[in-house]
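Undergrad: Input structure_0.cif, format and content: mmCIF, C-alpha atoms.
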data_entry
#
loop_
_atom_site.label_atom_id
_atom_site.label_comp_id
_atom_site.auth_asym_id
_atom_site.auth_seq_id
_atom_site.Cartn_x
_atom_site.Cartn_y
_atom_site.Cartn_z
CA MET A 1083 -57.29 210.07 161.58
CA LYS A 1084 -59.65 208.35 163.86
CA ILE A 1085 -57.51 205.22 164.16
CA PHE A 1086 -54.75 207.27 165.75
CA GLU A 1087 -56.99 209.12 168.21
CA GLY A 1088 -56.17 208.36 171.78
CA LYS A 1089 -53.14 206.29 170.87
CA SER A 1090 -49.72 206.66 172.28
CA PRO A 1091 -46.76 207.22 169.97
CA ALA A 1092 -45.58 203.60 170.40
CA GLU A 1093 -48.97 202.21 169.44
CA ARG A 1094 -49.13 204.51 166.44
CA ASN A 1095 -45.78 203.24 165.21
CA LYS A 1096 -46.99 199.64 165.48
CA ILE A 1097 -50.14 200.39 163.48
CA ILE A 1098 -48.10 202.10 160.75
CA ALA A 1099 -45.67 199.17 160.55
CA ALA A 1100 -48.55 196.75 160.19
CA ILE A 1101 -50.10 198.77 157.34
CA VAL A 1102 -46.78 198.96 155.53
CA LEU A 1103 -46.12 195.20 155.85
CA GLY A 1104 -49.62 194.38 154.56
CA ALA A 1105 -49.17 196.61 151.55
CA MET A 1106 -45.82 195.00 150.74
CA ALA A 1107 -47.38 191.54 150.94
CA LEU A 1108 -50.15 192.51 148.53
CA ILE A 1109 -47.65 193.92 146.05
CA ALA A 1110 -45.59 190.69 146.16
CA LEU A 1111 -48.63 188.48 145.59
CA THR A 1112 -49.82 190.66 142.73
CA TYR A 1113 -46.42 190.50 141.05
CA THR A 1114 -46.20 186.72 141.41
CA PHE A 1115 -49.71 185.63 140.47
CA GLY A 1116 -50.93 188.68 138.59
CA GLY A 1117 -50.49 187.12 135.10
CA MET A 1118 -52.72 184.22 136.01
CA PHE A 1119 -55.66 186.47 136.92
CA PHE A 1120 -55.14 189.33 134.47
CA GLY A 1121 -53.84 187.37 131.35
CA SER A 1122 -50.47 188.99 131.19
CA LYS A 1123 -47.51 187.05 129.71
CA LYS A 1124 -44.15 186.64 131.24
CA PRO A 1125 -41.35 188.20 129.26
CA SER A 1126 -39.46 185.56 127.20
CA VAL A 1127 -35.76 185.43 127.50
CA SER A 1128 -33.66 184.10 124.57
CA VAL A 1129 -30.06 183.08 124.91
CA ASN A 1130 -27.79 182.81 121.91
CA VAL A 1131 -24.84 180.46 122.34
CA SER A 1132 -21.99 180.43 119.86
CA ALA A 1133 -18.82 178.38 119.90
CA THR A 1134 -15.55 180.13 120.12
CA PRO A 1135 -13.75 179.74 117.80
CA THR A 1136 -16.48 179.12 115.23
CA PRO A 1137 -16.02 175.64 113.63
CA LYS A 1138 -15.58 175.47 109.91
CA ILE A 1139 -16.80 172.69 107.61
CA SER A 1140 -13.92 170.79 105.99
CA THR A 1141 -14.04 170.65 102.18
CA ALA A 1142 -10.99 168.54 101.61
CA ASN A 1143 -12.87 165.94 99.54
CA GLY A 1144 -14.71 168.56 97.56
CA ASP A 1145 -18.05 166.95 98.45
CA THR A 1146 -19.94 169.35 100.70
CA GLN A 1147 -23.19 167.47 100.30
CA ASN A 1148 -21.93 164.27 102.01
CA SER A 1149 -20.42 166.13 104.91
CA SER A 1150 -23.73 167.68 105.96
CA LEU A 1151 -25.72 165.94 108.75
CA PRO A 1152 -28.74 163.83 107.72
CA SER A 1153 -32.15 165.16 108.45
CA GLN A 1154 -34.65 163.53 110.80
CA GLU A 1155 -36.60 161.97 107.97
CA GLU A 1156 -33.44 160.43 106.53
CA GLU A 1157 -32.55 158.95 109.88
CA ASN A 1158 -36.02 157.42 110.32
CA PHE A 1159 -35.91 155.96 106.82
CA LEU A 1160 -32.49 154.50 107.46
CA TYR A 1161 -33.61 152.82 110.73
CA THR A 1162 -36.75 151.29 109.23
CA THR A 1163 -35.18 149.93 106.04
CA THR A 1164 -31.82 148.58 107.28
CA PRO A 1165 -31.91 144.71 107.34
CA VAL A 1166 -30.99 142.79 110.52
CA VAL A 1167 -27.96 140.61 109.93
CA TYR A 1168 -27.88 137.59 112.35
CA ASN A 1169 -24.92 135.24 112.24
CA PRO A 1170 -25.41 132.34 114.73
CA SER A 1171 -21.82 131.18 114.38
CA SER A 1172 -20.61 134.32 116.09
CA PHE A 1173 -22.55 133.48 119.30
CA TYR A 1174 -21.72 130.34 121.36
CA ALA A 1175 -24.68 128.65 123.03
CA PRO A 1176 -25.35 124.91 123.47
CA ASP A 1177 -28.26 123.49 121.59
CA ALA A 1178 -31.08 122.39 123.86
CA GLY A 1179 -31.86 119.47 121.58
CA ARG A 1180 -35.57 119.87 122.16
CA ASN A 1181 -38.26 122.45 122.45
CA ILE A 1182 -37.54 124.15 125.72
CA PHE A 1183 -41.02 125.62 125.83
CA ALA A 1184 -42.74 122.23 125.68
CA PHE A 1185 -43.71 120.30 128.88
CA TYR A 1186 -41.52 117.36 129.86
CA GLU A 1187 -42.96 114.01 128.97
CA PRO A 1188 -41.37 111.03 130.78
CA PRO A 1189 -40.42 108.05 128.67
CA PRO A 1190 -42.67 105.00 128.81
CA PRO A 1191 -41.86 102.70 131.73
CA THR A 1192 -39.90 99.57 131.15
CA PRO A 1193 -42.21 96.57 131.34
CA TYR A 1194 -41.67 94.46 134.49
CA VAL A 1195 -40.36 91.00 133.84
CA THR A 1196 -40.93 88.42 136.56
CA PRO A 1197 -37.61 86.76 137.37
CA ASP A 1198 -37.40 83.06 137.12
CA VAL A 1199 -37.69 81.29 140.47
CA VAL A 1200 -34.96 78.72 140.86
CA ILE A 1201 -35.86 75.99 143.32
CA LYS A 1202 -32.79 74.28 144.62
CA PRO A 1203 -33.18 70.64 145.40
CA PRO A 1204 -32.87 69.87 149.13
CA THR A 1205 -29.46 68.79 150.24
CA PRO A 1206 -29.68 65.18 151.25
CA GLU A 1207 -28.77 64.69 154.90
CA PRO A 1208 -25.99 62.21 155.48
CA THR A 1209 -27.18 58.94 156.75
CA PRO A 1210 -26.23 58.67 160.41
CA VAL A 1211 -23.69 56.03 161.06
CA PRO A 1212 -24.77 53.89 163.97
CA THR A 1213 -22.38 53.84 166.89
CA PRO A 1214 -20.64 50.53 166.92
CA ILE A 1215 -21.39 48.32 169.85
CA PRO A 1216 -18.32 48.04 172.10
CA PRO A 1217 -16.82 44.57 172.04
CA LEU A 1218 -16.58 44.61 175.84
CA LEU A 1219 -19.44 45.41 178.18
CA VAL A 1220 -19.27 47.09 181.60
CA GLY A 1221 -22.48 46.72 183.61
CA PHE A 1222 -21.72 48.30 187.00
CA VAL A 1223 -18.89 48.94 189.45
CA THR A 1224 -18.60 48.35 193.17
CA PRO A 1225 -18.63 50.69 195.06
CA GLN A 1226 -20.61 53.20 193.04
CA ASN A 1227 -19.72 56.22 195.22
CA VAL A 1228 -16.97 57.08 197.70
CA PHE A 1229 -15.93 60.09 199.77
CA SER A 1230 -13.07 62.30 198.70
CA GLY A 1231 -9.95 61.83 200.79
CA SER A 1232 -10.70 58.19 201.49
CA LYS A 1233 -7.93 55.65 201.73
CA THR A 1234 -7.01 53.22 198.97
CA PHE A 1235 -9.94 50.93 198.19
CA ARG A 1236 -10.62 48.00 195.86
CA LEU A 1237 -12.78 48.56 192.79
CA GLU A 1238 -14.71 45.71 191.18
CA VAL A 1239 -15.82 46.07 187.57
CA ASN A 1240 -18.63 43.72 186.53
CA GLY A 1241 -19.57 43.12 182.91
CA ASP A 1242 -19.04 40.61 180.14
CA LYS A 1243 -16.53 39.46 177.49
CA PHE A 1244 -13.47 40.51 179.48
CA THR A 1245 -10.15 39.04 178.37
CA PRO A 1246 -7.13 38.20 180.55
CA ASP A 1247 -5.17 41.14 179.08
CA SER A 1248 -7.96 43.70 179.74
CA VAL A 1249 -7.05 46.67 181.94
CA ILE A 1250 -9.21 49.15 183.89
CA LEU A 1251 -8.96 52.85 182.97
CA PHE A 1252 -9.83 55.13 185.89
CA ASN A 1253 -10.40 58.64 184.53
CA GLY A 1254 -7.97 57.86 181.69
CA SER A 1255 -5.26 56.32 183.90
CA GLU A 1256 -4.45 52.64 183.48
CA LEU A 1257 -4.47 50.67 186.73
CA PRO A 1258 -2.88 47.33 187.56
CA THR A 1259 -5.79 45.00 186.92
CA THR A 1260 -6.48 41.52 188.24
CA TYR A 1261 -8.46 39.25 185.92
CA ILE A 1262 -11.00 37.23 187.92
CA SER A 1263 -13.23 35.98 185.12
CA SER A 1264 -14.71 37.10 181.83
CA GLN A 1265 -17.33 38.96 183.89
CA LYS A 1266 -15.22 40.55 186.67
CA LEU A 1267 -12.05 42.61 186.95
CA VAL A 1268 -10.49 44.04 190.14
CA ALA A 1269 -8.11 46.99 190.70
CA ASP A 1270 -6.95 49.07 193.67
CA ILE A 1271 -7.74 52.81 193.50
CA PRO A 1272 -5.10 54.97 195.25
CA SER A 1273 -6.26 57.83 197.46
CA ASN A 1274 -4.61 60.51 195.31
CA LEU A 1275 -7.09 59.79 192.48
CA ILE A 1276 -10.08 60.66 194.67
CA GLY A 1277 -8.71 63.71 196.47
CA ASP A 1278 -11.40 66.02 195.03
CA ALA A 1279 -15.15 65.62 194.78
CA GLY A 1280 -16.69 64.93 191.36
CA ASP A 1281 -17.39 62.14 188.88
CA ARG A 1282 -14.74 59.65 187.71
CA PHE A 1283 -15.17 57.68 184.49
CA ILE A 1284 -14.28 54.00 184.27
CA MET A 1285 -13.87 51.81 181.21
CA VAL A 1286 -12.08 48.61 180.18
CA ARG A 1287 -9.91 48.04 177.13
CA THR A 1288 -7.04 45.92 175.88
CA PRO A 1289 -3.47 47.28 175.61
CA ASP A 1290 -3.64 47.34 171.79
CA GLY A 1291 -6.91 49.32 171.88
CA ARG A 1292 -8.84 46.99 169.59
CA LEU A 1293 -11.22 45.86 172.33
CA TYR A 1294 -12.88 48.49 174.47
CA SER A 1295 -16.00 48.92 176.57
CA ASN A 1296 -18.58 51.54 177.40
CA GLN A 1297 -18.00 54.10 180.18
CA VAL A 1298 -19.56 54.12 183.63
CA SER A 1299 -19.13 56.76 186.33
CA LEU A 1300 -18.05 56.61 189.94
CA THR A 1301 -19.29 59.46 192.15
CA VAL A 1302 -16.77 60.99 194.57
CA GLN A 1303 -18.62 62.92 197.28
CA ALA A 1304 -17.30 65.51 199.71
CA PRO A 1305 -17.19 64.08 203.27
CA PRO A 1306 -19.56 65.55 205.88
CA THR A 1307 -18.06 68.22 208.14
CA PRO A 1308 -19.02 69.39 211.64
CA LYS A 1309 -21.77 72.00 211.67
CA PHE A 1310 -20.66 73.78 214.84
CA GLN A 1311 -17.98 76.24 215.94
CA TYR A 1312 -15.34 76.05 218.64
CA ILE A 1313 -15.88 79.04 220.98
CA GLY A 1314 -13.87 78.21 224.13
CA MET A 1315 -12.72 75.68 226.70
CA ILE A 1316 -12.29 75.08 230.44
CA ALA A 1317 -8.83 73.74 231.19
CA ARG A 1318 -8.40 71.59 234.26
CA LYS A 1319 -5.49 70.05 236.10
CA ARG A 1320 -5.77 66.83 234.21
CA TYR A 1321 -5.77 67.11 230.47
CA ASN A 1322 -8.28 64.32 230.02
CA ASN A 1323 -10.86 66.34 231.95
CA ASP A 1324 -10.80 69.50 229.82
CA THR A 1325 -14.17 70.74 228.55
CA ALA A 1326 -14.66 72.39 225.17
CA TYR A 1327 -17.66 74.52 224.23
CA PHE A 1328 -19.19 74.65 220.77
CA GLN A 1329 -21.90 76.75 219.18
CA GLU A 1330 -24.10 74.45 217.12
CA GLU A 1331 -25.95 75.67 214.07
CA GLY A 1332 -29.60 76.50 214.77
CA LYS A 1333 -29.27 76.50 218.57
CA GLN A 1334 -29.10 79.45 220.93
CA THR A 1335 -27.05 77.90 223.74
CA PRO A 1336 -23.61 76.33 223.33
CA ILE A 1337 -22.90 72.66 223.93
CA SER A 1338 -20.00 71.16 225.88
CA ALA A 1339 -17.93 68.07 225.17
CA ARG A 1340 -14.96 66.29 226.71
CA LEU A 1341 -12.40 63.96 225.22
CA ASN A 1342 -13.85 60.90 223.47
CA ASP A 1343 -17.36 62.38 223.53
CA VAL A 1344 -19.32 61.91 220.28
CA VAL A 1345 -21.01 65.09 219.08
CA ASN A 1346 -24.05 64.91 216.81
CA GLY A 1347 -23.75 61.13 216.82
CA ARG A 1348 -20.90 61.15 214.32
CA PHE A 1349 -17.85 63.20 215.37
CA ARG A 1350 -15.65 62.03 218.25
CA LEU A 1351 -13.62 64.66 220.11
CA VAL A 1352 -10.04 63.36 220.17
CA SER A 1353 -8.05 66.52 221.02
CA ILE A 1354 -8.67 69.78 222.92
CA SER A 1355 -6.30 72.75 223.05
CA ALA A 1356 -6.59 76.47 223.51
CA ALA A 1357 -6.16 77.03 219.76
CA GLU A 1358 -8.14 74.19 218.15
CA THR A 1359 -10.05 70.96 218.59
CA ILE A 1360 -9.83 67.80 216.49
CA PHE A 1361 -12.79 65.56 215.67
CA GLU A 1362 -12.75 62.13 214.09
CA ASP A 1363 -15.58 60.81 211.94
CA VAL A 1364 -16.60 57.54 213.61
CA ASN A 1365 -17.98 56.20 210.31
CA LEU A 1366 -15.36 57.27 207.78
CA GLY A 1367 -12.31 57.85 209.96
CA PHE A 1368 -11.74 61.40 208.64
CA ARG A 1369 -10.35 63.99 211.03
CA HIS A 1370 -11.53 67.59 211.09
CA ARG A 1371 -9.80 70.51 212.80
CA LEU A 1372 -11.88 73.32 214.29
CA ALA A 1373 -9.89 76.45 215.14
CA LEU A 1374 -10.99 78.70 217.99
CA TYR A 1375 -13.26 81.47 216.77
CA ARG A 1376 -11.56 84.81 217.45
CA PRO A 1377 -13.56 87.97 216.58
CA GLU A 1378 -11.63 90.94 215.31
CA PRO A 1379 -10.74 93.61 217.92
CA GLY A 1380 -13.71 95.92 218.40
CA GLN A 1381 -16.07 93.64 216.46
CA ASN A 1382 -19.60 93.45 217.82
CA THR A 1383 -20.64 89.82 218.19
CA SER A 1384 -24.28 90.56 219.02
CA SER A 1385 -27.04 88.82 217.11
CA ASN A 1386 -28.05 91.89 215.14
CA ASN A 1387 -24.52 92.57 213.90
CA PRO A 1388 -24.23 91.70 210.18
CA SER A 1389 -20.54 90.86 210.66
CA SER A 1390 -21.26 88.02 213.10
CA PRO A 1391 -20.42 84.56 211.75
CA ASN A 1392 -23.22 82.62 210.14
CA LEU A 1393 -22.87 78.94 209.41
CA ASN A 1394 -25.62 79.15 206.82
CA SER A 1395 -23.62 81.64 204.75
CA PRO A 1396 -20.83 80.57 202.37
CA ASN A 1397 -17.34 80.82 203.87
CA GLY A 1398 -18.85 81.82 207.21
CA ILE A 1399 -19.71 85.31 205.90
CA PRO A 1400 -23.18 86.36 207.09
CA ARG A 1401 -25.76 88.08 204.95
CA ARG A 1402 -27.67 91.05 206.26
CA GLY A 1403 -31.20 90.22 207.38
CA GLU A 1404 -30.57 86.46 207.79
CA ASN A 1405 -30.48 84.45 210.98
CA ASN A 1406 -27.07 83.66 212.39
CA LEU A 1407 -25.88 80.98 214.73
CA TYR A 1408 -25.97 83.28 217.76
CA ASN A 1409 -29.57 84.39 217.45
CA PRO A 1410 -31.90 82.59 215.02
CA ASN A 1411 -34.69 84.94 216.15
CA PRO A 1412 -33.43 88.55 216.00
CA SER A 1413 -36.48 89.83 217.89
CA VAL A 1414 -35.40 87.95 221.04
CA PRO A 1415 -32.18 89.28 222.59
CA VAL A 1416 -29.55 86.66 223.35
CA TYR A 1417 -26.63 87.13 225.67
CA ILE A 1418 -23.33 86.90 223.80
CA PRO A 1419 -20.31 86.37 226.06
CA PRO A 1420 -17.46 88.82 225.51
CA GLN A 1421 -14.25 87.65 223.93
CA GLY A 1422 -12.28 85.42 226.25
CA GLU A 1423 -15.22 84.71 228.61
CA ILE A 1424 -16.30 81.09 229.15
CA PRO A 1425 -20.08 80.48 229.05
CA GLY A 1426 -21.50 79.65 232.45
CA ILE A 1427 -18.50 80.97 234.44
CA PRO A 1428 -18.36 84.59 235.74
CA GLY A 1429 -15.60 86.64 234.22
CA GLY A 1430 -14.18 87.73 237.62
CA ILE A 1431 -13.12 84.21 238.60
CA PRO A 1432 -9.47 83.51 237.74
CA ARG A 1433 -8.91 80.57 235.44
CA TYR A 1434 -6.34 77.89 235.90
CA ASN A 1435 -3.84 77.65 233.07
CA PRO A 1436 -2.03 74.34 233.44
CA THR A 1437 1.64 74.10 232.69
CA PRO A 1438 3.15 71.09 230.99
CA GLN A 1439 4.00 68.47 233.58
CA GLN A 1440 7.48 67.08 233.51
CA GLN A 1441 8.06 63.37 233.96
CA PRO A 1442 9.95 62.53 237.17
CA PRO A 1443 13.43 61.19 236.55
CA PRO A 1444 13.70 57.39 236.68
CA PRO A 1445 15.10 56.00 239.98
CA LYS A 1446 18.75 55.22 240.03
CA LYS A 1447 19.53 51.56 239.87
CA ASP A 1448 21.69 50.16 242.66
CA ASP A 1449 24.51 48.11 241.26
CA ASN A 1450 24.56 45.93 244.37
CA ASP A 1451 20.92 44.97 244.05
CA GLU A 1452 21.05 42.49 241.20
CA ASP A 1453 17.54 41.18 241.43
CA ASP A 1454 16.09 44.75 241.55
CA ASP A 1455 13.49 43.75 244.12
CA GLY A 1456 13.52 47.13 245.81
CA ASP A 1457 15.31 45.93 248.94
CA ASN A 1458 18.31 47.82 250.23
#
What do you get writing this file as structure tokens?
TA:
Amino acid sequence: MKIFEGKSPAERNKIIAAIVLGAMALIALTYTFGGMFFGSKKPSVSVNVSATPTPKISTANGDTQNSSLPSQEEENFLYTTTPVVYNPSSFYAPDAGRNIFAFYEPPPPTPYVTPDVVIKPPTPEPTPVPTPIPPLLVGFVTPQNVFSGSKTFRLEVNGDKFTPDSVILFNGSELPTTYISSQKLVADIPSNLIGDAGDRFIMVRTPDGRLYSNQVSLTVQAPPTPKFQYIGMIARKRYNNDTAYFQEEGKQTPISARLNDVVNGRFRLVSISAAETIFEDVNLGFRHRLALYRPEPGQNTSSNNPSSPNLNSPNGIPRRGENNLYNPNPSVPVYIPPQGEIPGIPGGIPRYNPTPQQQPPPPKKDDNDEDDDGDN
């Protein structure tokens, strides 16, 4: 064969295997799909199944006709002619009470009825009862203002219709009253009733309370106090020549004063010591003690220190950013003497600290010298 010419044995075997495989494929396709193209029919296979053992029809009733199964036509006739028996009582279901397939229609709205407006009559206001006019009348008092801490003073109450048994009430306290006339009463006010500043109310009434007067006020003012601070002193041999230094509010340099000097035209210096000074008000007679200002250890007393004392601040406590008594103008530096240094005196100079002088003992009296003329 020409297809095998020039081929090796291995190639020949491959060609033969290919031809054989192709022929087998054609035979399989022809066997599978040959009936479709050539009209051949597949062989039919019938299987007979029988029960073992074979069932037998029971004829116990002797009626073989009823025991046979109905035909298909009988079954169809039975299904189409059997009536449907429906008994609602055998099924529990609540009645809807309406047609559930109909749309809901809301009931008609209830007509709005305007409520009756009840107008209450206005409540009549009670007629104001006029304040009865006091039977007694107080016009004014003398004096009309005093300073707290003052001594006992005499109070004159001037008015009208006073009776001999009328008494003066000072802030609710009855005072021994002297009847001068129907227009004047006098009473002494003790100092303990004006110890604090504020208003005091004065009125006149009789002991039985049937006659009374209107109220008037007496103003009790706080006495003026020194507006400077005790910062140091220069002690000398004689106590009446000591000099005290004070820092006055609003001034940059301190002021000096000796005993009996009047400072600010009102306060007389009556005592100087290393711990305090005492001033007496020349007008009112009040005495004021000024203790020596002692900064805390390590405290900066410069003008820009917020902890420096400030007389403009309450309780001597300064406020940041405000002027203080040492330097009203913070932009200008002011020399502040260190603690214990006396203004105007260098710190290296020793200071004289006087000691209490003792009185010399009185001379012994000579018993022989009766006339005590000093002669021996």
Undergrad: Using the chain letters and numbers from this file, what does the PyMOL selection byres ((chain A and resi 1206-1220) around 8) select? Give the answer as number ranges by chain.
TA: A: 1204-1205, 1221-1222, 1239-1244, 1285-1287, 1293-1298
Undergrad: At what distance in Å, to one decimal, does atom CA of A:Ala1304 lie from atom CA of A:Asp1270?
TA: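 Separation between atom CA of A:Asp1270 and atom CA of A:Ala1304: 20.3 Å.
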Undergrad: So which one's closest to A:Arg1282, A:Val1166, A:Gln1226, A:Pro1308, A:Thr1234? Using only C-alpha atoms, please.
TA: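 With only C-alpha atoms as the atom set, the closest residue is A:Gln1226.
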Undergrad: Please measure the separation of atom CA of A:Gly1254 and atom CA of A:Ile1284, giving the value in Å to one decimal.
TA: 7.8 Å
Undergrad: Separation of atom CA of A:Gly1116 and atom CA of A:Leu1103, in Å?
TA: 19.1 Å
Undergrad: When the PyMOL selection byres ((chain A and resi 1273) around 9) is applied to the file above, which residues end up in the set, as number ranges by chain?
TA: A: 1230-1235, 1271-1272, 1274-1277
Undergrad: Using the selection just defined, write its residues with C-alpha atoms as a short mmCIF file (atom, residue, chain, number, x, y, z; two decimals), in the frame of the given file.
TA:
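Writing done, so here's again_23.cif:
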data_model
loop_
_atom_site.label_atom_id
_atom_site.label_comp_id
_atom_site.auth_asym_id
_atom_site.auth_seq_id
_atom_site.Cartn_x
_atom_site.Cartn_y
_atom_site.Cartn_z
CA SER A 1230 -13.07 62.30 198.70
CA GLY A 1231 -9.95 61.83 200.79
CA SER A 1232 -10.70 58.19 201.49
CA LYS A 1233 -7.93 55.65 201.73
CA THR A 1234 -7.01 53.22 198.97
CA PHE A 1235 -9.94 50.93 198.19
CA ILE A 1271 -7.74 52.81 193.50
CA PRO A 1272 -5.10 54.97 195.25
CA ASN A 1274 -4.61 60.51 195.31
CA LEU A 1275 -7.09 59.79 192.48
CA ILE A 1276 -10.08 60.66 194.67
CA GLY A 1277 -8.71 63.71 196.47
#
Undergrad: Please evaluate the PyMOL selection byres ((chain A and resi 1314-1316) around 7) against the structure above and give the resulting residues as a list in words.
TA: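 For this structure, the PyMOL selection byres ((chain A and resi 1314-1316) around 7) resolves to Tyr1312, Ile1313, Ala1317, Arg1318, Asp1324, Thr1325, Ala1326, Tyr1327, Ala1356, Leu1374 and Ile1424 of chain A.
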Undergrad: Go through A:Leu1151, A:Ala1373, A:Leu1351, A:Ile1250 and flag the residue nearest A:Lys1266, using all atoms listed in the file for the distances.
TA: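 Ranking A:Leu1151, A:Ala1373, A:Leu1351, A:Ile1250 by distance to A:Lys1266, first place goes to A:Ile1250.
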Undergrad: For stretch 1221-1234 of chain A, write N, CA, C and O atoms out as a CSV table (one decimal), in the first residue's frame.
TA:
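Wrote it out as decode_2.csv, contents follow:
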chain,number,residue,atom,x,y,z
A,1221,GLY,N,-42.1,115.9,115.3
A,1221,GLY,CA,-41.6,116.7,114.2
A,1221,GLY,C,-40.2,116.4,113.8
A,1221,GLY,O,-39.9,116.0,112.7
A,1222,PHE,N,-39.2,116.6,114.7
A,1222,PHE,CA,-37.8,116.4,114.5
A,1222,PHE,C,-37.1,116.1,115.8
A,1222,PHE,O,-37.7,116.4,116.9
A,1223,VAL,N,-35.9,115.6,115.7
A,1223,VAL,CA,-35.1,115.4,116.9
A,1223,VAL,C,-33.8,116.1,116.8
A,1223,VAL,O,-33.3,116.5,115.7
A,1224,THR,N,-33.2,116.4,117.9
A,1224,THR,CA,-31.9,117.1,118.0
A,1224,THR,C,-31.0,116.3,118.9
A,1224,THR,O,-31.4,116.1,120.1
A,1225,PRO,N,-29.8,115.9,118.4
A,1225,PRO,CA,-29.3,116.0,117.1
A,1225,PRO,C,-29.9,115.0,116.1
A,1225,PRO,O,-30.5,114.0,116.6
A,1226,GLN,N,-29.7,115.2,114.8
A,1226,GLN,CA,-30.3,114.3,113.8
A,1226,GLN,C,-29.3,113.2,113.4
A,1226,GLN,O,-29.7,112.3,112.8
A,1227,ASN,N,-28.0,113.4,113.7
A,1227,ASN,CA,-27.0,112.4,113.4
A,1227,ASN,C,-25.9,112.5,114.4
A,1227,ASN,O,-25.5,113.6,114.8
A,1228,VAL,N,-25.3,111.3,114.7
A,1228,VAL,CA,-24.2,111.3,115.7
A,1228,VAL,C,-23.2,110.2,115.1
A,1228,VAL,O,-23.5,109.5,114.2
A,1229,PHE,N,-22.0,110.2,115.7
A,1229,PHE,CA,-21.0,109.2,115.3
A,1229,PHE,C,-21.1,108.0,116.3
A,1229,PHE,O,-21.3,108.2,117.5
A,1230,SER,N,-20.9,106.8,115.7
A,1230,SER,CA,-20.9,105.6,116.5
A,1230,SER,C,-19.7,105.7,117.5
A,1230,SER,O,-18.6,106.1,117.2
A,1231,GLY,N,-19.9,105.2,118.7
A,1231,GLY,CA,-18.9,105.2,119.7
A,1231,GLY,C,-18.8,106.5,120.5
A,1231,GLY,O,-17.9,106.6,121.4
A,1232,SER,N,-19.7,107.4,120.2
A,1232,SER,CA,-19.7,108.6,121.0
A,1232,SER,C,-20.2,108.4,122.4
A,1232,SER,O,-20.8,107.3,122.8
A,1233,LYS,N,-19.9,109.4,123.3
A,1233,LYS,CA,-20.3,109.3,124.7
A,1233,LYS,C,-21.8,109.5,124.8
A,1233,LYS,O,-22.5,109.9,123.8
A,1234,THR,N,-22.3,109.4,126.0
A,1234,THR,CA,-23.7,109.6,126.3
A,1234,THR,C,-24.1,111.1,125.9
A,1234,THR,O,-23.3,112.0,126.3
